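Participant: Have a look at this one.
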Amino acid sequence: MSRTLNITNGDCAVDAMRQAGIIGDYLPWRDLLHEGPVPHGLSLEALSGVRAEYIAQMGWGDYDQVLSSFRTRDQQLQRLNYYKKIILWFEFDLYDQLQMLQILDWFNKQPQLTVEISVICVDKYLSECSATELVCLLNEEQPLCYQMLDVASYGWQVFTQENPKLLSSLLNLDTSALPYLSGAVRRLLQEYPSTFNGLGLAQQIALKNIQQGCSDPKELFRLYQVEEARRFMADTVFFQRLLSLNAARVIHWPKPSWECPVSITELGEQVLTGRRHLLDIIELDYWVGGVHLTPDNIWLWDDKLASLARRGFSQQPSF
């Protein structure tokens with residue numbers, strides 16, 4: 001049993017599992033794949049370089065340290081046949097589901113797997129489980145099957161493609177082998193600019209709470225987490241959402257920090273109510289998976305219709 005590898009979402013989950021006495025080595029995945037570029041067709045090592053560069057550019061870590069961490073992680077994964085057993089421990093939220101897709105797709109591409117692999121995927125947060133709860137989760141362990149691998153590989157492929165219509169098509173497919181994937185995909189699509197006012201869902205929640213009188217950024221993050229059915233966004237990412245609202249002049253945040261209060265502007269009121277569209281005010285330049293949103297490549301999400309449309313164009317999904 002000492003040759004068991006437990007792969008999970010990050011250090012907090014690892015700490016909880018250690019305290020619970022879960023046997024084996026630990027591999028925290030750490031990457032927040034819902035933010036920044038995840039281009040199609042890259043090897044694990046090449047993608048780690050892209051991700052480290054993005055994380056460093058955002059100020060969330062030192063490039064050399066992040067890249068070294070990813071390289072160490074990748075090398076440990078590549079030693080998979082050293083282990084007798086690998087257990088994937090993941091949650092139902094977007095952060096975890098994307099990590100699961102990446103890892104399972106990598107497993108699916110390996111020419112020969114001699115190790116036993118199983119999955120524990122639950123609708124609770126591992127870091128918040130008691131030691132007893134974590135040990136009991138071992139009873140929910142499921143052997144990795146071909147259906148899981150097939151769904152994960154297709155999900156990873158469409159997530160990294162340049163055309164997000166491919167990703168939205170997952171909502172109409174049978175992904176029950178990974179029961180929380182469909183909900184996670186929909187939540188990712190809700191971060192695209194909305195057809196109504198150009199706000200992603202996290203921005204919409206933040207601006208609504210500011211409009212209702214909350215001016216404390218820390219409280220705004222707490223309120224956002226309350227409204228998020230499957231919490232996935234770290235405070236550092238939420239801070240970036242506030243920065244984007246400030247750059248668009250829909251909020252007034254004179255010295256962006258967790259201590260500086262925020263307020264909604266008249267322009268923000270107009271955007272929130274749909275009288276102005278955010279994309280008529282700002283120029284997009286950010287990534288969602290393999291999609292680079294720019295003024296020449298604008299995709300909008302209609303939550304009522306559960307569909308994406310390219311602004312000013314009509315385009316069918318294609319590989």
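Labels used: A, B, ... for chains in the order of the structure tokens, numbers from 1 for residues in each chain, and numbers from 1 for ligands as shown.
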Leaving out Tyr54 in chain A and any residue of its chain fewer than 5 positions from it, which residues lie within 9 Å of it when counting only C-alpha atoms, given as a PyMOL selection string?

Facilitator: chain A and resi 35-37+49+59-60+63

Participant: Output C-alpha atoms of each residue in that selection to a file, as a PDB file, in the first residue's frame.

Facilitator:
```pdb
ATOM      1  CA  GLU A  35      -8.228  30.804 -16.291  1.00  0.00           C
ATOM      2  CA  GLY A  36      -5.859  31.626 -19.134  1.00  0.00           C
ATOM      3  CA  PRO A  37      -4.698  29.780 -22.251  1.00  0.00           C
ATOM      4  CA  GLY A  49       5.322  25.882 -19.741  1.00  0.00           C
ATOM      5  CA  GLY A  59       1.236  37.843 -10.588  1.00  0.00           C
ATOM      6  CA  TRP A  60       0.073  34.629  -8.961  1.00  0.00           C
ATOM      7  CA  TYR A  63       7.680  31.793 -13.185  1.00  0.00           C
TER       8      TYR A  63
END
```

Participant: Determine, using only C-alpha atoms, which residues of range 122-201 of chain A have any atom at most 12 Å from an atom of range 278-290 of chain A, and tabulate each with its shortest atom pair and distance in Å to one decimal place, rows ordered by chain and then rising number, as CSV.

Facilitator:
```
residue,atom,partner,partner_atom,distance
A:Gly155,CA,A:Gly289,CA,11.3
A:Trp156,CA,A:Gly289,CA,9.3
A:Gln157,CA,A:Gly290,CA,9.3
A:Val158,CA,A:Gly290,CA,8.4
A:Phe159,CA,A:Gly289,CA,5.6
A:Thr160,CA,A:Gly290,CA,4.0
A:Gln161,CA,A:Gly290,CA,4.9
A:Glu162,CA,A:Gly290,CA,5.0
A:Asn163,CA,A:Gly290,CA,7.8
A:Pro164,CA,A:Gly290,CA,8.1
A:Lys165,CA,A:Gly290,CA,11.6
A:Leu166,CA,A:Gly290,CA,10.9
A:Leu167,CA,A:Gly289,CA,9.7
A:Val185,CA,A:Gly289,CA,11.3
A:Leu188,CA,A:Val288,CA,8.3
A:Leu189,CA,A:Val288,CA,8.9
A:Gln190,CA,A:Val288,CA,11.1
A:Glu191,CA,A:Val288,CA,8.6
A:Tyr192,CA,A:Val288,CA,8.1
A:Pro193,CA,A:Leu279,CA,8.1
A:Ser194,CA,A:Leu278,CA,9.2
A:Thr195,CA,A:Leu279,CA,9.9
A:Phe196,CA,A:Leu278,CA,9.4
A:Asn197,CA,A:Leu278,CA,5.9
A:Gly198,CA,A:Leu278,CA,4.7
A:Leu199,CA,A:Leu278,CA,6.6
A:Gly200,CA,A:Leu278,CA,10.1
```

Participant: Write out, as a PDB file, in the first residue's frame, the residues just selected, with N, CA and C atoms.

Facilitator:
```
ATOM      1  N   GLY A 155     -13.879  15.540 -23.772  1.00  0.00           N
ATOM      2  CA  GLY A 155     -14.056  16.793 -23.044  1.00  0.00           C
ATOM      3  C   GLY A 155     -12.811  17.659 -23.068  1.00  0.00           C
ATOM      4  N   TRP A 156     -11.651  17.054 -22.882  1.00  0.00           N
ATOM      5  CA  TRP A 156     -10.393  17.813 -22.907  1.00  0.00           C
ATOM      6  C   TRP A 156     -10.123  18.358 -24.306  1.00  0.00           C
ATOM      7  N   GLN A 157     -10.408  17.550 -25.318  1.00  0.00           N
ATOM      8  CA  GLN A 157     -10.179  17.999 -26.693  1.00  0.00           C
ATOM      9  C   GLN A 157     -11.021  19.230 -27.011  1.00  0.00           C
ATOM     10  N   VAL A 158     -12.304  19.199 -26.673  1.00  0.00           N
ATOM     11  CA  VAL A 158     -13.156  20.339 -27.041  1.00  0.00           C
ATOM     12  C   VAL A 158     -12.892  21.551 -26.157  1.00  0.00           C
ATOM     13  N   PHE A 159     -12.462  21.330 -24.921  1.00  0.00           N
ATOM     14  CA  PHE A 159     -12.103  22.448 -24.046  1.00  0.00           C
ATOM     15  C   PHE A 159     -10.915  23.217 -24.604  1.00  0.00           C
ATOM     16  N   THR A 160      -9.991  22.520 -25.236  1.00  0.00           N
ATOM     17  CA  THR A 160      -8.778  23.162 -25.735  1.00  0.00           C
ATOM     18  C   THR A 160      -8.902  23.657 -27.178  1.00  0.00           C
ATOM     19  N   GLN A 161     -10.028  23.391 -27.828  1.00  0.00           N
ATOM     20  CA  GLN A 161     -10.213  23.824 -29.213  1.00  0.00           C
ATOM     21  C   GLN A 161     -10.462  25.331 -29.297  1.00  0.00           C
ATOM     22  N   GLU A 162     -10.236  25.897 -30.490  1.00  0.00           N
ATOM     23  CA  GLU A 162     -10.438  27.322 -30.707  1.00  0.00           C
ATOM     24  C   GLU A 162     -11.913  27.695 -30.855  1.00  0.00           C
ATOM     25  N   ASN A 163     -12.745  26.734 -31.170  1.00  0.00           N
ATOM     26  CA  ASN A 163     -14.174  26.997 -31.360  1.00  0.00           C
ATOM     27  C   ASN A 163     -14.959  26.528 -30.133  1.00  0.00           C
ATOM     28  N   PRO A 164     -15.501  27.448 -29.314  1.00  0.00           N
ATOM     29  CA  PRO A 164     -16.172  27.034 -28.088  1.00  0.00           C
ATOM     30  C   PRO A 164     -17.513  26.350 -28.313  1.00  0.00           C
ATOM     31  N   LYS A 165     -18.046  26.401 -29.555  1.00  0.00           N
ATOM     32  CA  LYS A 165     -19.284  25.674 -29.830  1.00  0.00           C
ATOM     33  C   LYS A 165     -19.087  24.174 -29.606  1.00  0.00           C
ATOM     34  N   LEU A 166     -17.859  23.721 -29.800  1.00  0.00           N
ATOM     35  CA  LEU A 166     -17.565  22.313 -29.549  1.00  0.00           C
ATOM     36  C   LEU A 166     -17.714  21.997 -28.076  1.00  0.00           C
ATOM     37  N   LEU A 167     -17.257  22.907 -27.217  1.00  0.00           N
ATOM     38  CA  LEU A 167     -17.404  22.699 -25.781  1.00  0.00           C
ATOM     39  C   LEU A 167     -18.880  22.707 -25.386  1.00  0.00           C
ATOM     40  N   VAL A 185     -19.120  22.244 -17.112  1.00  0.00           N
ATOM     41  CA  VAL A 185     -19.014  22.859 -18.435  1.00  0.00           C
ATOM     42  C   VAL A 185     -19.967  24.035 -18.551  1.00  0.00           C
ATOM     43  N   LEU A 188     -18.556  26.964 -16.752  1.00  0.00           N
ATOM     44  CA  LEU A 188     -17.482  27.607 -17.509  1.00  0.00           C
ATOM     45  C   LEU A 188     -18.062  28.500 -18.603  1.00  0.00           C
ATOM     46  N   LEU A 189     -19.073  28.001 -19.300  1.00  0.00           N
ATOM     47  CA  LEU A 189     -19.688  28.776 -20.369  1.00  0.00           C
ATOM     48  C   LEU A 189     -20.343  30.048 -19.833  1.00  0.00           C
ATOM     49  N   GLN A 190     -20.789  30.008 -18.591  1.00  0.00           N
ATOM     50  CA  GLN A 190     -21.399  31.196 -17.985  1.00  0.00           C
ATOM     51  C   GLN A 190     -20.386  32.301 -17.701  1.00  0.00           C
ATOM     52  N   GLU A 191     -19.095  31.998 -17.801  1.00  0.00           N
ATOM     53  CA  GLU A 191     -18.076  33.034 -17.649  1.00  0.00           C
ATOM     54  C   GLU A 191     -17.802  33.766 -18.960  1.00  0.00           C
ATOM     55  N   TYR A 192     -18.348  33.257 -20.072  1.00  0.00           N
ATOM     56  CA  TYR A 192     -18.296  34.026 -21.316  1.00  0.00           C
ATOM     57  C   TYR A 192     -19.156  35.283 -21.163  1.00  0.00           C
ATOM     58  N   PRO A 193     -18.884  36.337 -21.925  1.00  0.00           N
ATOM     59  CA  PRO A 193     -19.741  37.526 -21.874  1.00  0.00           C
ATOM     60  C   PRO A 193     -21.185  37.150 -22.207  1.00  0.00           C
ATOM     61  N   SER A 194     -22.118  37.667 -21.432  1.00  0.00           N
ATOM     62  CA  SER A 194     -23.521  37.331 -21.668  1.00  0.00           C
ATOM     63  C   SER A 194     -24.080  38.138 -22.829  1.00  0.00           C
ATOM     64  N   THR A 195     -25.075  37.566 -23.485  1.00  0.00           N
ATOM     65  CA  THR A 195     -25.757  38.287 -24.553  1.00  0.00           C
ATOM     66  C   THR A 195     -26.476  39.516 -23.993  1.00  0.00           C
ATOM     67  N   PHE A 196     -26.882  39.462 -22.728  1.00  0.00           N
ATOM     68  CA  PHE A 196     -27.684  40.532 -22.134  1.00  0.00           C
ATOM     69  C   PHE A 196     -26.884  41.814 -21.911  1.00  0.00           C
ATOM     70  N   ASN A 197     -25.705  41.668 -21.261  1.00  0.00           N
ATOM     71  CA  ASN A 197     -24.945  42.885 -20.920  1.00  0.00           C
ATOM     72  C   ASN A 197     -23.437  42.729 -21.039  1.00  0.00           C
ATOM     73  N   GLY A 198     -22.967  41.578 -21.482  1.00  0.00           N
ATOM     74  CA  GLY A 198     -21.531  41.386 -21.672  1.00  0.00           C
ATOM     75  C   GLY A 198     -20.771  40.951 -20.448  1.00  0.00           C
ATOM     76  N   LEU A 199     -21.461  40.791 -19.319  1.00  0.00           N
ATOM     77  CA  LEU A 199     -20.799  40.365 -18.081  1.00  0.00           C
ATOM     78  C   LEU A 199     -20.757  38.851 -17.995  1.00  0.00           C
ATOM     79  N   GLY A 200     -19.627  38.305 -17.509  1.00  0.00           N
ATOM     80  CA  GLY A 200     -19.603  36.921 -17.086  1.00  0.00           C
ATOM     81  C   GLY A 200     -20.345  36.787 -15.769  1.00  0.00           C
TER      82      GLY A 200
END
```

Participant: Residues within 12 Å of Arg231 in chain A, please, as JSON, numbers by chain. Count only C-alpha atoms; anything in the same chain fewer than 5 positions from it doesn't count.

Facilitator: {"A": [91, 92, 93, 94, 95, 96, 123, 124, 125, 184, 187, 202, 221, 222, 223, 224, 225, 226, 238]}

Participant: Would you mind exporting C-alpha atoms of the selected residues as a short mmCIF file (atom, residue, chain, number, x, y, z; two decimals), in the first residue's frame?

Facilitator:
```cif
data_model
loop_
_atom_site.label_atom_id
_atom_site.label_comp_id
_atom_site.auth_asym_id
_atom_site.auth_seq_id
_atom_site.Cartn_x
_atom_site.Cartn_y
_atom_site.Cartn_z
CA GLU A 91 -14.67 17.36 -6.40
CA PHE A 92 -17.72 18.38 -8.42
CA ASP A 93 -16.70 21.97 -9.18
CA LEU A 94 -15.20 23.45 -12.35
CA TYR A 95 -11.65 23.72 -10.97
CA ASP A 96 -11.54 19.98 -10.24
CA ASP A 123 -20.18 16.55 -4.35
CA LYS A 124 -18.30 17.97 -1.36
CA TYR A 125 -15.05 19.82 -0.76
CA ALA A 184 -18.97 22.21 -14.69
CA ARG A 187 -20.54 26.97 -15.35
CA ALA A 202 -18.91 36.16 -11.52
CA PHE A 221 -15.95 37.62 -2.33
CA ARG A 222 -17.82 36.00 0.56
CA LEU A 223 -21.19 36.88 -0.98
CA TYR A 224 -20.03 35.58 -4.32
CA GLN A 225 -19.11 32.24 -2.76
CA VAL A 226 -22.54 32.04 -1.13
CA PHE A 238 -12.16 37.06 -8.08
#
```

Participant: Run DSSP on the backbone and grab whatever in range 193-300 of chain A lands in strand (DSSP E); send it over as a list in words.

Facilitator: Ile251, His252, Ser263, Ile264, Tyr286, Trp287, Val288, Gly289, Val291, His292, Leu293, Trp299 and Leu300 of chain A

Participant: Those same residues, written as a compact mmCIF listing (two decimals), in the first residue's frame with all heavy atoms?

Facilitator:
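What landed in result-v2.txt:
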```txt
# COMPACT_ATOMS: atom_id res chain seq x y z
N ILE A 251 -17.15 50.14 -12.11
CA ILE A 251 -17.04 50.36 -10.67
C ILE A 251 -15.96 51.41 -10.43
O ILE A 251 -15.09 51.63 -11.28
CB ILE A 251 -16.72 49.07 -9.87
CG1 ILE A 251 -15.34 48.52 -10.25
CG2 ILE A 251 -17.81 48.03 -10.07
CD1 ILE A 251 -14.87 47.36 -9.37
N HIS A 252 -16.05 52.04 -9.29
CA HIS A 252 -15.02 53.00 -8.87
C HIS A 252 -14.23 52.35 -7.75
O HIS A 252 -14.76 52.04 -6.68
CB HIS A 252 -15.69 54.29 -8.38
CG HIS A 252 -14.69 55.33 -7.94
ND1 HIS A 252 -13.76 55.88 -8.77
CD2 HIS A 252 -14.50 55.91 -6.71
CE1 HIS A 252 -13.03 56.76 -8.12
NE2 HIS A 252 -13.46 56.79 -6.86
N SER A 263 -17.43 51.07 -5.38
CA SER A 263 -18.80 51.55 -5.59
C SER A 263 -19.13 51.42 -7.07
O SER A 263 -18.24 51.34 -7.92
CB SER A 263 -18.94 53.01 -5.14
OG SER A 263 -18.04 53.85 -5.84
N ILE A 264 -20.40 51.37 -7.37
CA ILE A 264 -20.83 51.25 -8.76
C ILE A 264 -20.93 52.64 -9.39
O ILE A 264 -21.26 53.62 -8.72
CB ILE A 264 -22.19 50.50 -8.85
CG1 ILE A 264 -22.49 50.09 -10.30
CG2 ILE A 264 -23.32 51.34 -8.25
CD1 ILE A 264 -23.65 49.13 -10.43
N TYR A 286 -8.73 37.94 -23.47
CA TYR A 286 -8.46 36.90 -22.48
C TYR A 286 -8.84 35.54 -23.05
O TYR A 286 -9.48 35.45 -24.10
CB TYR A 286 -9.16 37.17 -21.15
CG TYR A 286 -10.67 37.10 -21.16
CD1 TYR A 286 -11.34 35.93 -20.85
CD2 TYR A 286 -11.44 38.24 -21.43
CE1 TYR A 286 -12.73 35.87 -20.83
CE2 TYR A 286 -12.82 38.20 -21.41
CZ TYR A 286 -13.46 37.00 -21.11
OH TYR A 286 -14.83 36.95 -21.10
N TRP A 287 -8.41 34.50 -22.34
CA TRP A 287 -8.56 33.13 -22.82
C TRP A 287 -9.56 32.36 -21.96
O TRP A 287 -9.62 32.55 -20.74
CB TRP A 287 -7.23 32.39 -22.77
CG TRP A 287 -6.21 32.83 -23.77
CD1 TRP A 287 -5.45 33.97 -23.72
CD2 TRP A 287 -5.82 32.15 -24.96
NE1 TRP A 287 -4.61 34.04 -24.80
CE2 TRP A 287 -4.82 32.91 -25.59
CE3 TRP A 287 -6.22 30.96 -25.57
CZ2 TRP A 287 -4.21 32.53 -26.78
CZ3 TRP A 287 -5.62 30.56 -26.74
CH2 TRP A 287 -4.63 31.34 -27.34
N VAL A 288 -10.30 31.47 -22.62
CA VAL A 288 -11.09 30.44 -21.93
C VAL A 288 -10.71 29.12 -22.60
O VAL A 288 -11.14 28.85 -23.72
CB VAL A 288 -12.60 30.69 -22.04
CG1 VAL A 288 -13.36 29.61 -21.28
CG2 VAL A 288 -12.97 32.08 -21.53
N GLY A 289 -9.88 28.34 -21.96
CA GLY A 289 -9.40 27.10 -22.56
C GLY A 289 -8.58 27.40 -23.81
O GLY A 289 -7.59 28.13 -23.77
N VAL A 291 -9.78 29.04 -26.41
CA VAL A 291 -10.42 30.16 -27.10
C VAL A 291 -9.80 31.48 -26.65
O VAL A 291 -9.83 31.80 -25.45
CB VAL A 291 -11.94 30.19 -26.83
CG1 VAL A 291 -12.59 31.33 -27.61
CG2 VAL A 291 -12.57 28.85 -27.20
N HIS A 292 -9.26 32.22 -27.59
CA HIS A 292 -8.72 33.55 -27.29
C HIS A 292 -9.78 34.57 -27.69
O HIS A 292 -10.02 34.80 -28.88
CB HIS A 292 -7.42 33.79 -28.06
CG HIS A 292 -6.73 35.04 -27.65
ND1 HIS A 292 -5.64 35.56 -28.33
CD2 HIS A 292 -6.93 35.89 -26.60
CE1 HIS A 292 -5.22 36.66 -27.73
NE2 HIS A 292 -5.99 36.88 -26.69
N LEU A 293 -10.42 35.16 -26.69
CA LEU A 293 -11.45 36.17 -26.94
C LEU A 293 -10.78 37.51 -27.23
O LEU A 293 -10.03 38.02 -26.41
CB LEU A 293 -12.38 36.28 -25.74
CG LEU A 293 -13.25 35.04 -25.48
CD1 LEU A 293 -13.93 35.14 -24.13
CD2 LEU A 293 -14.27 34.83 -26.58
N TRP A 299 -17.38 35.79 -28.48
CA TRP A 299 -18.43 34.79 -28.28
C TRP A 299 -19.27 35.19 -27.08
O TRP A 299 -18.75 35.59 -26.04
CB TRP A 299 -17.82 33.41 -28.06
CG TRP A 299 -17.16 32.84 -29.26
CD1 TRP A 299 -15.86 33.02 -29.67
CD2 TRP A 299 -17.76 32.00 -30.25
NE1 TRP A 299 -15.61 32.35 -30.83
CE2 TRP A 299 -16.76 31.71 -31.21
CE3 TRP A 299 -19.03 31.45 -30.41
CZ2 TRP A 299 -17.00 30.89 -32.32
CZ3 TRP A 299 -19.27 30.63 -31.52
CH2 TRP A 299 -18.26 30.37 -32.45
N LEU A 300 -20.59 35.07 -27.23
CA LEU A 300 -21.52 35.46 -26.18
C LEU A 300 -22.32 34.24 -25.73
O LEU A 300 -22.67 33.37 -26.54
CB LEU A 300 -22.48 36.54 -26.69
CG LEU A 300 -21.86 37.83 -27.21
CD1 LEU A 300 -22.94 38.74 -27.78
CD2 LEU A 300 -21.08 38.54 -26.11
```

Participant: Could you check the closest approach to Ile120 in chain A for each of A:Glu269, A:Glu141, A:Glu227, A:Asp105 and tell me which residue wins, using only C-alpha atoms?

Facilitator: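 Of A:Glu269, A:Glu141, A:Glu227, A:Asp105, the one nearest Ile120 in chain A is A:Glu141, counting only C-alpha atoms.
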
Participant: Counting only C-alpha atoms, what is within 12 Å of Ile23 in chain A, bar same-chain residues fewer than 3 positions away, as a PyMOL selection string?

Facilitator: chain A and resi 1-6+14+17-20+26+85-87+134-135+138

Participant: Dump all heavy atoms for the selected residues as a tab-separated table (two decimals), in the first residue's frame?

Facilitator:
```
chain	number	residue	atom	x	y	z
A	1	MET	N	0.82	-1.21	0.00
A	1	MET	CA	0.00	0.00	0.00
A	1	MET	C	0.85	1.25	0.00
A	1	MET	O	0.37	2.33	-0.31
A	1	MET	CB	-0.93	0.00	1.22
A	1	MET	CG	-2.08	-1.00	1.11
A	1	MET	SD	-3.13	-0.69	-0.32
A	1	MET	CE	-3.83	0.90	0.11
A	2	SER	N	2.13	1.16	0.35
A	2	SER	CA	2.99	2.34	0.33
A	2	SER	C	3.22	2.82	-1.09
A	2	SER	O	3.66	3.95	-1.30
A	2	SER	CB	4.34	2.04	1.00
A	2	SER	OG	5.01	1.02	0.28
A	3	ARG	N	2.93	1.94	-2.09
A	3	ARG	CA	3.10	2.34	-3.48
A	3	ARG	C	1.76	2.74	-4.08
A	3	ARG	O	1.39	2.35	-5.18
A	3	ARG	CB	3.77	1.22	-4.26
A	3	ARG	CG	5.26	1.10	-3.93
A	3	ARG	CD	5.90	-0.09	-4.58
A	3	ARG	NE	5.86	-0.01	-6.05
A	3	ARG	CZ	6.34	-0.96	-6.85
A	3	ARG	NH1	6.89	-2.05	-6.32
A	3	ARG	NH2	6.29	-0.83	-8.15
A	4	THR	N	1.02	3.54	-3.33
A	4	THR	CA	-0.23	4.15	-3.79
A	4	THR	C	0.02	5.63	-4.01
A	4	THR	O	0.66	6.29	-3.19
A	4	THR	CB	-1.36	3.96	-2.75
A	4	THR	OG1	-1.64	2.57	-2.60
A	4	THR	CG2	-2.62	4.69	-3.17
A	5	LEU	N	-0.48	6.16	-5.12
A	5	LEU	CA	-0.38	7.59	-5.40
A	5	LEU	C	-1.77	8.19	-5.36
A	5	LEU	O	-2.67	7.75	-6.08
A	5	LEU	CB	0.24	7.82	-6.78
A	5	LEU	CG	0.34	9.28	-7.23
A	5	LEU	CD1	1.25	10.08	-6.29
A	5	LEU	CD2	0.83	9.37	-8.68
A	6	ASN	N	-1.95	9.20	-4.52
A	6	ASN	CA	-3.21	9.93	-4.41
A	6	ASN	C	-3.07	11.26	-5.15
A	6	ASN	O	-2.28	12.12	-4.74
A	6	ASN	CB	-3.56	10.19	-2.94
A	6	ASN	CG	-3.70	8.91	-2.14
A	6	ASN	OD1	-4.69	8.20	-2.26
A	6	ASN	ND2	-2.70	8.60	-1.32
A	14	VAL	N	-4.56	17.82	0.15
A	14	VAL	CA	-3.46	16.94	0.57
A	14	VAL	C	-3.28	17.01	2.08
A	14	VAL	O	-3.14	15.98	2.75
A	14	VAL	CB	-2.16	17.32	-0.15
A	14	VAL	CG1	-0.96	16.66	0.51
A	14	VAL	CG2	-2.23	16.91	-1.62
A	17	MET	N	-6.00	15.06	3.78
A	17	MET	CA	-5.85	13.62	3.58
A	17	MET	C	-4.71	13.06	4.42
A	17	MET	O	-4.81	11.96	4.96
A	17	MET	CB	-5.63	13.33	2.09
A	17	MET	CG	-6.87	13.61	1.24
A	17	MET	SD	-6.53	13.71	-0.54
A	17	MET	CE	-6.06	12.04	-0.89
A	18	ARG	N	-3.64	13.84	4.55
A	18	ARG	CA	-2.53	13.41	5.41
A	18	ARG	C	-3.00	13.28	6.86
A	18	ARG	O	-2.69	12.30	7.55
A	18	ARG	CB	-1.39	14.42	5.33
A	18	ARG	CG	-0.48	14.23	4.13
A	18	ARG	CD	0.88	14.86	4.36
A	18	ARG	NE	1.80	14.60	3.25
A	18	ARG	CZ	2.12	15.49	2.33
A	18	ARG	NH1	1.60	16.71	2.38
A	18	ARG	NH2	2.95	15.18	1.35
A	19	GLN	N	-3.74	14.29	7.32
A	19	GLN	CA	-4.23	14.27	8.70
A	19	GLN	C	-5.20	13.11	8.93
A	19	GLN	O	-5.31	12.59	10.04
A	19	GLN	CB	-4.90	15.60	9.03
A	19	GLN	CG	-3.91	16.77	9.10
A	19	GLN	CD	-4.59	18.11	9.28
A	19	GLN	OE1	-5.78	18.19	9.60
A	19	GLN	NE2	-3.84	19.19	9.05
A	20	ALA	N	-5.89	12.71	7.85
A	20	ALA	CA	-6.83	11.59	7.98
A	20	ALA	C	-6.12	10.24	7.91
A	20	ALA	O	-6.75	9.20	8.12
A	20	ALA	CB	-7.87	11.67	6.87
A	26	TYR	N	1.39	11.66	-2.37
A	26	TYR	CA	0.38	12.66	-2.76
A	26	TYR	C	0.90	13.49	-3.92
A	26	TYR	O	2.07	13.85	-3.99
A	26	TYR	CB	0.06	13.58	-1.58
A	26	TYR	CG	-0.51	12.86	-0.39
A	26	TYR	CD1	0.32	12.43	0.64
A	26	TYR	CD2	-1.87	12.60	-0.30
A	26	TYR	CE1	-0.19	11.76	1.74
A	26	TYR	CE2	-2.39	11.93	0.80
A	26	TYR	CZ	-1.55	11.51	1.81
A	26	TYR	OH	-2.06	10.85	2.89
A	85	LYS	N	-1.02	1.32	-7.35
A	85	LYS	CA	-2.38	1.86	-7.41
A	85	LYS	C	-2.33	3.38	-7.45
A	85	LYS	O	-1.51	4.01	-6.77
A	85	LYS	CB	-3.20	1.40	-6.20
A	85	LYS	CG	-4.66	1.83	-6.23
A	85	LYS	CD	-5.43	1.18	-5.09
A	85	LYS	CE	-6.91	1.49	-5.20
A	85	LYS	NZ	-7.68	0.83	-4.12
A	86	ILE	N	-3.21	3.97	-8.26
A	86	ILE	CA	-3.38	5.43	-8.30
A	86	ILE	C	-4.85	5.73	-8.03
A	86	ILE	O	-5.74	5.13	-8.65
A	86	ILE	CB	-2.96	6.02	-9.66
A	86	ILE	CG1	-1.46	5.79	-9.89
A	86	ILE	CG2	-3.30	7.50	-9.73
A	86	ILE	CD1	-0.98	6.26	-11.25
A	87	ILE	N	-5.09	6.65	-7.10
A	87	ILE	CA	-6.46	7.08	-6.80
A	87	ILE	C	-6.58	8.56	-7.12
A	87	ILE	O	-5.79	9.37	-6.62
A	87	ILE	CB	-6.83	6.84	-5.32
A	87	ILE	CG1	-6.56	5.40	-4.89
A	87	ILE	CG2	-8.31	7.19	-5.08
A	87	ILE	CD1	-6.80	5.13	-3.41
A	134	LEU	N	-13.21	11.54	5.10
A	134	LEU	CA	-12.26	11.23	4.04
A	134	LEU	C	-11.98	9.72	3.97
A	134	LEU	O	-11.93	9.15	2.88
A	134	LEU	CB	-10.95	11.99	4.26
A	134	LEU	CG	-10.99	13.48	3.91
A	134	LEU	CD1	-9.71	14.17	4.37
A	134	LEU	CD2	-11.19	13.68	2.42
A	135	VAL	N	-11.82	9.09	5.12
A	135	VAL	CA	-11.60	7.65	5.12
A	135	VAL	C	-12.81	6.92	4.54
A	135	VAL	O	-12.68	5.97	3.76
A	135	VAL	CB	-11.29	7.15	6.55
A	135	VAL	CG1	-11.26	5.63	6.59
A	135	VAL	CG2	-9.95	7.72	7.03
A	138	LEU	N	-13.28	6.34	0.74
A	138	LEU	CA	-12.66	5.20	0.08
A	138	LEU	C	-13.71	4.16	-0.33
A	138	LEU	O	-13.48	3.36	-1.25
A	138	LEU	CB	-11.61	4.57	0.99
A	138	LEU	CG	-10.32	5.39	1.16
A	138	LEU	CD1	-9.48	4.85	2.30
A	138	LEU	CD2	-9.51	5.40	-0.14
```

Participant: Given the choices A:Pro261, A:Asn108, A:Arg186, A:Met148, which gets closest to Lys304 in chain A if the distance is worked out from only C-alpha atoms?

Facilitator: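 Of A:Pro261, A:Asn108, A:Arg186, A:Met148, the one nearest Lys304 in chain A is A:Arg186, counting only C-alpha atoms.
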
Participant: Have a look at A:Asn9, A:Gln99, A:Ser307, A:Thr236 and name the one nearest to Leu170 in chain A; count only C-alpha atoms.

Facilitator: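 Closest to Leu170 in chain A, using only C-alpha atoms: A:Ser307.
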
Participant: Choose the residue, out of A:Gln204, A:Asp174, A:Pro217, A:Glu259, that has the smallest atom-to-atom separation from Gly274 in chain A; count only C-alpha atoms.

Facilitator: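 Nearest candidate to Gly274 in chain A out of A:Gln204, A:Asp174, A:Pro217, A:Glu259: A:Gln204.
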
Participant: What is the distance, in Å and to one decimal place, between CA of Leu243 in chain A and CA of Ala229 in chain A?

Facilitator: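 About the pair CA of Leu243 in chain A and CA of Ala229 in chain A: they are 23.3 Å apart.
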